[in-house]
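Chemist: After the structure tokens below, expect a handful of questions from me.
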Amino acid sequence: MKTTQLLEDLSLETNEPAGVVVANDADRSRAFLLAHTLKRLRSPAFMVVHHDARQIPSVKKAKQEALFDRILCDVPCSGDGTLRKSPDAWAKWTPGGALNLFKTQVGIGLRAAALLKVGGVMVYSTCSFNPSENEAAVAEIVRQAEGTLEIQDMSSRFPALKRAAGMLTWKIMGRDRVIYSSYEECKDKDAKETGLMASMFPPALEEAKAIGLEHCMRLIPSHQDTGGFFIVALKKVKDLKEQVKQVPVVGPGGEKPEICKIYTKHGRCKYGNNCRFLHEDPEDDAPIKAQSSTKGEEPLTQLKGAHQEVLDNIKSFFGFKEDFPDSQLFTRSKDDAELPRHISYVSESIMEILACDVRGRLKVINCGIKAFERIEVRDPNVKAPYRICQEISQSMLPWIERKVETDVRVFQKMLNKHVHTVGEIDEIDTDKEAPLTKKLSNLGVGSFLLHATHERQLFVFSAFMGKDRLQLYISKDEVQTLKSQLAALLDTPVTAE
Ligand SMILES: C[S@@+](CC[C@H](N)C(=O)[O-])C[C@H]1O[C@@H](n2cnc3c(N)ncnc32)[C@H](O)[C@@H]1O
């Protein structure tokens with residue numbers, strides 16, 4: 001939902017924005033779900049990856065590290081703010097649930113800070129009320145970021161949004177179900193038993209105020225009839241790396257005394273196993289381990305070059321304009337001998353990111369818009385056995401010659417059936433001077449776009465002209481949507497198939 005809104009905002013002014021949304025979830029099935037949801041927006045400017053966010057690789061464009069303007073860390077949390085929506089979660093709630101996540105939450109926040117541009121803003125959010133997951137995690141992120149992150153005062157933004165200020169002081173219930181006011185009270189107990197760390201407790205009041213913890217925003221369910229949320233915006237004011245560079249990589253006496261800060265902050269360090277500092281492994285309390293690869297899937301490959309013949313055939317068959325950005329077509333089929341099954345169109349920025357990821361460090365689940373799909377064609381005249389996907393039909397229309405225009409009322413009637421014989425089209429068609437069937441016969445067999453315009457509204461669908469019948473490649477849901485839109489526009493009743 002949040003990612004959808006981000007992508008919608010990015011695409012508000014243009015169909016192909018210069019910016020991109022990179023969405024990540026360590027859980028492979030959730031990442032697929034995310035990709036499925038984002039695909040519906042038909043934007044070429046998104047990429048879904050699945051990594052442990054604490055170690056997500058940096059993104060490069062034109063061989064330069066591309067830092068982000070905005071990052072949303074919607075971190076894994078105990079979710080006690082959702083109890084109203086999911087009362088069953090009460091039964092599973094334990095005090096340890098939140099404490100186990102603390103290191104992961106801090107690690108994700110720090111990795112985000114490393115990937116953020118100076119001047120950029122990151123938002124840390126949870127759907128929990130627990131201060132150890134909220135103010136304590138944020139205080140620790142700010143502390144470890146060593147002056148590079150500043151909490152933003154958002155009180156003048158969204159004035160209608162009711163909110164409570166961040167907490168400056170709190171108590172914590174340990175795994176042992178004892179409530180502690182300070183670390184002093186539990187520091188002599190077995191940490192495994194309590195699950196508590198010093199940084200989970202409130203900082204001294206002066207530090208809490210200096211950090212600006214009161215600018216954190218707590219949305220309470222009674223405020224505006226929602227779930228419980230915690231949100232804070234943090235601005236990067238200095239380069240984190242400059243600070244990290246100052247950290248000595250070798251201990252003063254050659255010993256291995258301390259934890260490597262570079263590894264902790266970036267999830268890797270250029271000295272690898274030879275680093276003289278300790279590489280503290282990702283916490284074993286991480287809720288989910290990222291899969292080792294996008295198993296069973298070939299890496300995304302640019303059609304241009306790797307499948308040049310296919311690209312040339314598609315371009316000549318569909319009559320692409322010279323300046324069509326064909327380097328933005330990608331496929332997952334690697335084997336040159338096989339014709340790619342699916343071809344996607346990505347924005348220029350996504351293309352640059354993919355082009356820089358030659359070692360395949362990014363585990364990409366999906367990106368861009370489905371553009372072409374391989375089909376079985378028996379007619380030898382069809383040199384490119386592909387059909388244009390409905391998802392890209394609107395954006396592709398200006399680029400290709402294989403398209404036929406018709407009257408919007410004919411278009412509307414065609415929605416009543418998926419397959420039409422030439423005779424049936426003649427019956428629907430009212431244009432006796434330039435009949436649709438004549439245009440279709442000039443077009444010849446193969447995939448094409450059928451389009452109509454009414455009151456500056458454009459309607460397009462992907463279709464296939466066979467020897468004597470026309471088939472629409474459009475889902476039932478989309479037929480219903482188009483039917484309703486056209487019925488409203490032309491003031492006619494909605495017809496059933
Ligand atoms: C609060 S949910 C985010 C939900 C999402 N933003 C939405 O609006 O639907 C937290 C997500 O973090 C994922 N997750 C858990 N540990 C992670 C990690 N170490 N790195 C990346 N994602 C992680 C979980 O699979 C879960 O989907």
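Naming works like this for the structure tokens: A, B, ... for the chains as they're shown, residue 1 at the start of each chain, ligands 1 onward in shown order.
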Report as a list in words all protein, DNA and RNA residues lying within 10 Å of A:Asp468, evaluated on only C-alpha atoms, omitting residues in the same chain fewer than 5 positions from it.

Modeler: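 So the residues in contact are His420, Thr421, Val422, Gly423, Thr437, Leu440, Ser441 and Val445 of chain A.
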
Chemist: Excluding same-chain residues fewer than 2 positions from A:Phe46, what lies within 7 Å of it counting only C-alpha atoms, as a VMD selection string?

Modeler: chain A and resid 20 to 22 43 to 44 48 367 to 368

Chemist: Each residue of chain A lying at most 9 Å from ligand 1 should get a row with its shortest atom-to-atom pair and the distance in Å to one decimal, counting only C-alpha atoms and all ligand atoms; could you produce that, ordered by chain and increasing number, as a Markdown table?

Modeler:
| residue | atom | partner | partner_atom_place_in_ligand_line | distance |
| --- | --- | --- | --- | --- |
| A:Met1 | CA | ligand 1 | 8 (O) | 4.9 |
| A:Lys2 | CA | ligand 1 | 8 (O) | 4.9 |
| A:Thr3 | CA | ligand 1 | 8 (O) | 6.7 |
| A:Thr4 | CA | ligand 1 | 8 (O) | 8.7 |
| A:Ala23 | CA | ligand 1 | 6 (N) | 9.0 |
| A:Asn24 | CA | ligand 1 | 21 (C) | 6.4 |
| A:Asp25 | CA | ligand 1 | 22 (N) | 4.1 |
| A:Ala26 | CA | ligand 1 | 22 (N) | 4.0 |
| A:Asp27 | CA | ligand 1 | 25 (O) | 4.5 |
| A:Arg28 | CA | ligand 1 | 25 (O) | 8.0 |
| A:Ser29 | CA | ligand 1 | 25 (O) | 8.5 |
| A:Arg30 | CA | ligand 1 | 27 (O) | 5.9 |
| A:Ala31 | CA | ligand 1 | 27 (O) | 7.7 |
| A:Leu34 | CA | ligand 1 | 9 (O) | 7.7 |
| A:His50 | CA | ligand 1 | 21 (C) | 7.3 |
| A:His51 | CA | ligand 1 | 21 (C) | 5.9 |
| A:Asp52 | CA | ligand 1 | 20 (N) | 3.6 |
| A:Ala53 | CA | ligand 1 | 20 (N) | 3.7 |
| A:Arg54 | CA | ligand 1 | 19 (N) | 6.0 |
| A:Gln55 | CA | ligand 1 | 20 (N) | 8.1 |
| A:Ile56 | CA | ligand 1 | 20 (N) | 8.1 |
| A:Leu72 | CA | ligand 1 | 6 (N) | 8.3 |
| A:Cys73 | CA | ligand 1 | 6 (N) | 7.9 |
| A:Asp74 | CA | ligand 1 | 6 (N) | 5.0 |
| A:Val75 | CA | ligand 1 | 10 (C) | 4.9 |
| A:Pro76 | CA | ligand 1 | 10 (C) | 3.8 |
| A:Cys77 | CA | ligand 1 | 1 (C) | 6.1 |
| A:Ser78 | CA | ligand 1 | 1 (C) | 8.8 |
| A:Gly79 | CA | ligand 1 | 1 (C) | 7.6 |
| A:Leu101 | CA | ligand 1 | 16 (N) | 8.7 |
| A:Thr104 | CA | ligand 1 | 19 (N) | 6.1 |
| A:Gln105 | CA | ligand 1 | 19 (N) | 7.9 |
| A:Gly107 | CA | ligand 1 | 19 (N) | 8.4 |
| A:Ile108 | CA | ligand 1 | 19 (N) | 7.0 |
| A:Ser125 | CA | ligand 1 | 1 (C) | 8.1 |
| A:Thr126 | CA | ligand 1 | 1 (C) | 6.2 |
| A:Cys127 | CA | ligand 1 | 1 (C) | 6.8 |
| A:Ala286 | CA | ligand 1 | 19 (N) | 6.1 |
| A:Pro287 | CA | ligand 1 | 16 (N) | 5.4 |
| A:Ile288 | CA | ligand 1 | 16 (N) | 5.1 |
| A:Lys289 | CA | ligand 1 | 19 (N) | 6.9 |
| A:Ala290 | CA | ligand 1 | 20 (N) | 7.3 |

Chemist: Taking into account only C-alpha atoms, which residue in the set A:Ile428, A:Ala137, A:Cys260, A:Leu83 is nearest to A:Phe229?

Modeler: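 Looking at the shortest contact to A:Phe229, the residue is A:Leu83.
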
Chemist: Find the residues near A:Asp379: any atom within 12 Å, counting only C-alpha atoms, skip ones fewer than 6 places away on the same chain, and give them as a list in words.

Modeler: Pro385, Gly444, Val445, Gly446, Met465, Gly466 and Lys467 of chain A

Chemist: Convert the current residue selection to file output with C-alpha atoms, as a tab-separated table (two decimals), in the first residue's frame.

Modeler:
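This is the output file out-v7.tsv:
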chain	number	residue	atom	x	y	z
A	385	PRO	CA	5.83	-14.65	-32.85
A	444	GLY	CA	-2.41	-8.83	-42.24
A	445	VAL	CA	-2.11	-11.60	-39.68
A	446	GLY	CA	-0.55	-10.93	-36.27
A	465	MET	CA	-5.84	-10.65	-36.34
A	466	GLY	CA	-6.01	-14.23	-37.59
A	467	LYS	CA	-6.98	-15.41	-41.05

Chemist: Could you tell me how far atom CA of A:Asp357 sits from atom CA of A:Val310, in Å to one decimal place?

Modeler: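 Atom CA of A:Asp357 lies at a distance of 23.1 Å from atom CA of A:Val310.
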
Chemist: If you measure from atom CA of A:Ala114 to atom CA of A:Ala145, what distance in Å do you get, rounded to one decimal?

Modeler: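 Going from atom CA of A:Ala114 over to atom CA of A:Ala145, I get 8.8 Å.
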
Chemist: Work out how far apart atom CA of A:Ala434 and atom CA of A:His451 are and give it in Å to one decimal.

Modeler: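 Between atom CA of A:Ala434 and atom CA of A:His451 the gap is 15.2 Å.
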
Chemist: Out of stretch 34-220 of chain A, which residues get helix (DSSP H, G or I) from DSSP, as a PyMOL selection string?

Modeler: chain A and resi 34-39+53-55+80-82+89-92+95-99+102-115+135-144+183-185+191-194+198-200+205-211+213-215

Chemist: I'd like the contact shell of A:Arg70 - 8 Å cut-off, only C-alpha atoms, skipping same-chain residues fewer than 2 positions apart - returned as a compact mmCIF listing (two decimals) with N, CA and C atoms, in the first residue's frame.

Modeler:
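Okay, part-v7.txt is ready:
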# COMPACT_ATOMS: atom_id res chain seq x y z
N PHE A 68 19.78 7.45 -2.63
CA PHE A 68 18.34 7.73 -2.73
C PHE A 68 17.97 9.09 -2.14
N LEU A 72 11.92 4.84 2.73
CA LEU A 72 10.94 4.47 3.75
C LEU A 72 11.39 3.15 4.36
N LEU A 116 21.28 6.82 1.74
CA LEU A 116 20.56 8.09 1.55
C LEU A 116 21.52 9.19 1.11
N GLY A 120 18.87 14.18 1.76
CA GLY A 120 17.72 13.29 1.60
C GLY A 120 17.04 13.00 2.93
N VAL A 121 15.82 12.48 2.84
CA VAL A 121 15.06 12.22 4.07
C VAL A 121 14.64 10.75 4.10
N MET A 122 14.81 10.12 5.25
CA MET A 122 14.29 8.76 5.41
C MET A 122 13.21 8.77 6.49
N VAL A 123 12.25 7.90 6.29
CA VAL A 123 11.19 7.78 7.29
C VAL A 123 11.33 6.40 7.92

Chemist: Tell me which protein, DNA and RNA residues are within 9 Å of stretch 92-100 of chain A, counting only C-alpha atoms, leaving out same-chain ones fewer than 6 positions away, and put them as an mmCIF file with N, CA and C atoms, in the first residue's frame.

Modeler:
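Saved result, around12.cif, follows:
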data_model
loop_
_atom_site.group_PDB
_atom_site.id
_atom_site.type_symbol
_atom_site.label_atom_id
_atom_site.label_comp_id
_atom_site.auth_asym_id
_atom_site.auth_seq_id
_atom_site.Cartn_x
_atom_site.Cartn_y
_atom_site.Cartn_z
ATOM 1 N N CYS A 77 8.133 -5.306 12.788
ATOM 2 C CA CYS A 77 7.897 -4.899 14.174
ATOM 3 C C CYS A 77 6.943 -5.893 14.833
ATOM 4 N N SER A 78 6.747 -5.732 16.139
ATOM 5 C CA SER A 78 5.875 -6.669 16.857
ATOM 6 C C SER A 78 4.419 -6.491 16.425
ATOM 7 N N GLY A 79 4.076 -5.318 15.889
ATOM 8 C CA GLY A 79 2.737 -5.109 15.323
ATOM 9 C C GLY A 79 1.654 -4.937 16.378
ATOM 10 N N ASP A 80 2.030 -4.518 17.598
ATOM 11 C CA ASP A 80 0.961 -4.402 18.611
ATOM 12 C C ASP A 80 -0.006 -3.251 18.308
ATOM 13 N N SER A 128 3.719 -0.286 15.798
ATOM 14 C CA SER A 128 3.837 -0.731 17.188
ATOM 15 C C SER A 128 3.832 0.481 18.121
ATOM 16 N N ASN A 130 5.387 0.093 21.100
ATOM 17 C CA ASN A 130 6.471 -0.217 22.025
ATOM 18 C C ASN A 130 7.663 0.722 21.847
ATOM 19 N N SER A 132 10.627 0.542 22.717
ATOM 20 C CA SER A 132 11.920 -0.075 22.385
ATOM 21 C C SER A 132 12.054 -0.229 20.875
ATOM 22 N N GLU A 133 10.929 -0.402 20.172
ATOM 23 C CA GLU A 133 10.978 -0.530 18.703
ATOM 24 C C GLU A 133 10.934 0.837 18.040
ATOM 25 N N ILE A 172 10.561 -0.657 30.477
ATOM 26 C CA ILE A 172 10.447 -1.795 29.551
ATOM 27 C C ILE A 172 10.210 -3.091 30.312
ATOM 28 N N MET A 173 9.307 -3.898 29.735
ATOM 29 C CA MET A 173 9.122 -5.236 30.286
ATOM 30 C C MET A 173 10.085 -6.180 29.563
ATOM 31 N N GLY A 174 10.929 -6.878 30.353
ATOM 32 C CA GLY A 174 11.885 -7.810 29.758
ATOM 33 C C GLY A 174 11.206 -9.120 29.385
ATOM 34 N N ARG A 175 12.010 -9.999 28.755
ATOM 35 C CA ARG A 175 11.467 -11.330 28.422
ATOM 36 C C ARG A 175 11.006 -12.048 29.680
ATOM 37 N N ASP A 176 11.666 -11.700 30.809
ATOM 38 C CA ASP A 176 11.310 -12.333 32.078
ATOM 39 C C ASP A 176 10.042 -11.739 32.696
ATOM 40 N N ARG A 177 9.373 -10.858 31.943
ATOM 41 C CA ARG A 177 8.111 -10.212 32.346
ATOM 42 C C ARG A 177 8.251 -9.310 33.564
ATOM 43 N N THR A 194 16.584 -11.661 30.061
ATOM 44 C CA THR A 194 15.797 -10.409 30.021
ATOM 45 C C THR A 194 15.574 -9.948 28.592
ATOM 46 N N GLY A 195 16.520 -10.246 27.707
ATOM 47 C CA GLY A 195 16.431 -9.773 26.307
ATOM 48 C C GLY A 195 16.708 -8.290 26.192
ATOM 49 N N LEU A 196 17.282 -7.700 27.240
ATOM 50 C CA LEU A 196 17.410 -6.236 27.262
ATOM 51 C C LEU A 196 18.838 -5.758 26.993
ATOM 52 N N MET A 197 18.932 -4.618 26.346
ATOM 53 C CA MET A 197 20.226 -3.973 26.094
ATOM 54 C C MET A 197 20.121 -2.539 26.595
ATOM 55 N N MET A 200 18.091 0.063 24.683
ATOM 56 C CA MET A 200 16.625 -0.025 24.603
ATOM 57 C C MET A 200 15.960 0.915 25.613
ATOM 58 N N ASP A 285 18.745 -13.247 15.551
ATOM 59 C CA ASP A 285 17.337 -13.079 15.890
ATOM 60 C C ASP A 285 16.557 -12.448 14.724
ATOM 61 N N ALA A 286 17.209 -12.356 13.570
ATOM 62 C CA ALA A 286 16.506 -11.788 12.413
ATOM 63 C C ALA A 286 15.284 -12.625 12.115
ATOM 64 N N PRO A 287 14.140 -11.978 11.854
ATOM 65 C CA PRO A 287 12.926 -12.763 11.676
ATOM 66 C C PRO A 287 12.926 -13.588 10.394
#

Chemist: Name the closest residue to A:Leu115 among the candidates A:Val59, A:Ile375, A:Ala191, A:Ala136; distances are taken between atoms, counting only C-alpha atoms.

Modeler: A:Val59

Chemist: Could you give me, as CSV, a per-residue list for stretch 21-121 of chain A showing, wherever an atom lies at most 10 Å from an atom of stretch 201-221 of chain A, the closest pair of atoms and their distance in Å to one decimal, using only C-alpha atoms and sorting by chain then residue number from low to high?

Modeler:
residue,atom,partner,partner_atom,distance
A:Gly81,CA,A:Pro221,CA,8.1
A:Thr82,CA,A:Pro221,CA,9.2
A:Arg84,CA,A:Pro221,CA,8.3

Chemist: When you count only C-alpha atoms, which of these residues is closest to A:Glu8: A:Leu110, A:Phe32, A:Leu41, A:Ala487?

Modeler: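 The shortest atom-to-atom distance to A:Glu8 comes from A:Leu41.
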
Chemist: Determine which residues of stretch 304-401 of chain A DSSP labels as strand (DSSP E) from the backbone of this structure, then write them out as a ChimeraX atom specification.

Modeler: /A:329-331,342-345,364-367,369-374,386-388

Chemist: Using only C-alpha atoms, which residues sit within 12 Å of A:Leu458 once same-chain residues fewer than 2 positions away are excluded, as a PyMOL selection string?

Modeler: chain A and resi 393-395+397-398+405-408+411+450-456+460-461+482+485-486+489

Chemist: Can you tell me, as a PyMOL selection string, what residues are no more than 10 Å from A:Pro325 when counting only C-alpha atoms, ignoring any on the same chain fewer than 5 positions away?

Modeler: chain A and resi 320+345-348+399

Chemist: Write to file, as a PDB file, in the first residue's frame, the residues of the selection just made, with C-alpha atoms.

Modeler:
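The file below, result17.pdb, is the result:
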ATOM      1  CA  PHE A 320       8.706   0.689 -34.458  1.00  0.00           C
ATOM      2  CA  TYR A 345       9.869  -2.434 -20.779  1.00  0.00           C
ATOM      3  CA  VAL A 346      11.692  -0.480 -18.052  1.00  0.00           C
ATOM      4  CA  SER A 347      12.336   3.244 -17.617  1.00  0.00           C
ATOM      5  CA  GLU A 348      15.703   4.681 -18.579  1.00  0.00           C
ATOM      6  CA  TRP A 399       5.646   4.083 -31.120  1.00  0.00           C
TER       7      TRP A 399
END
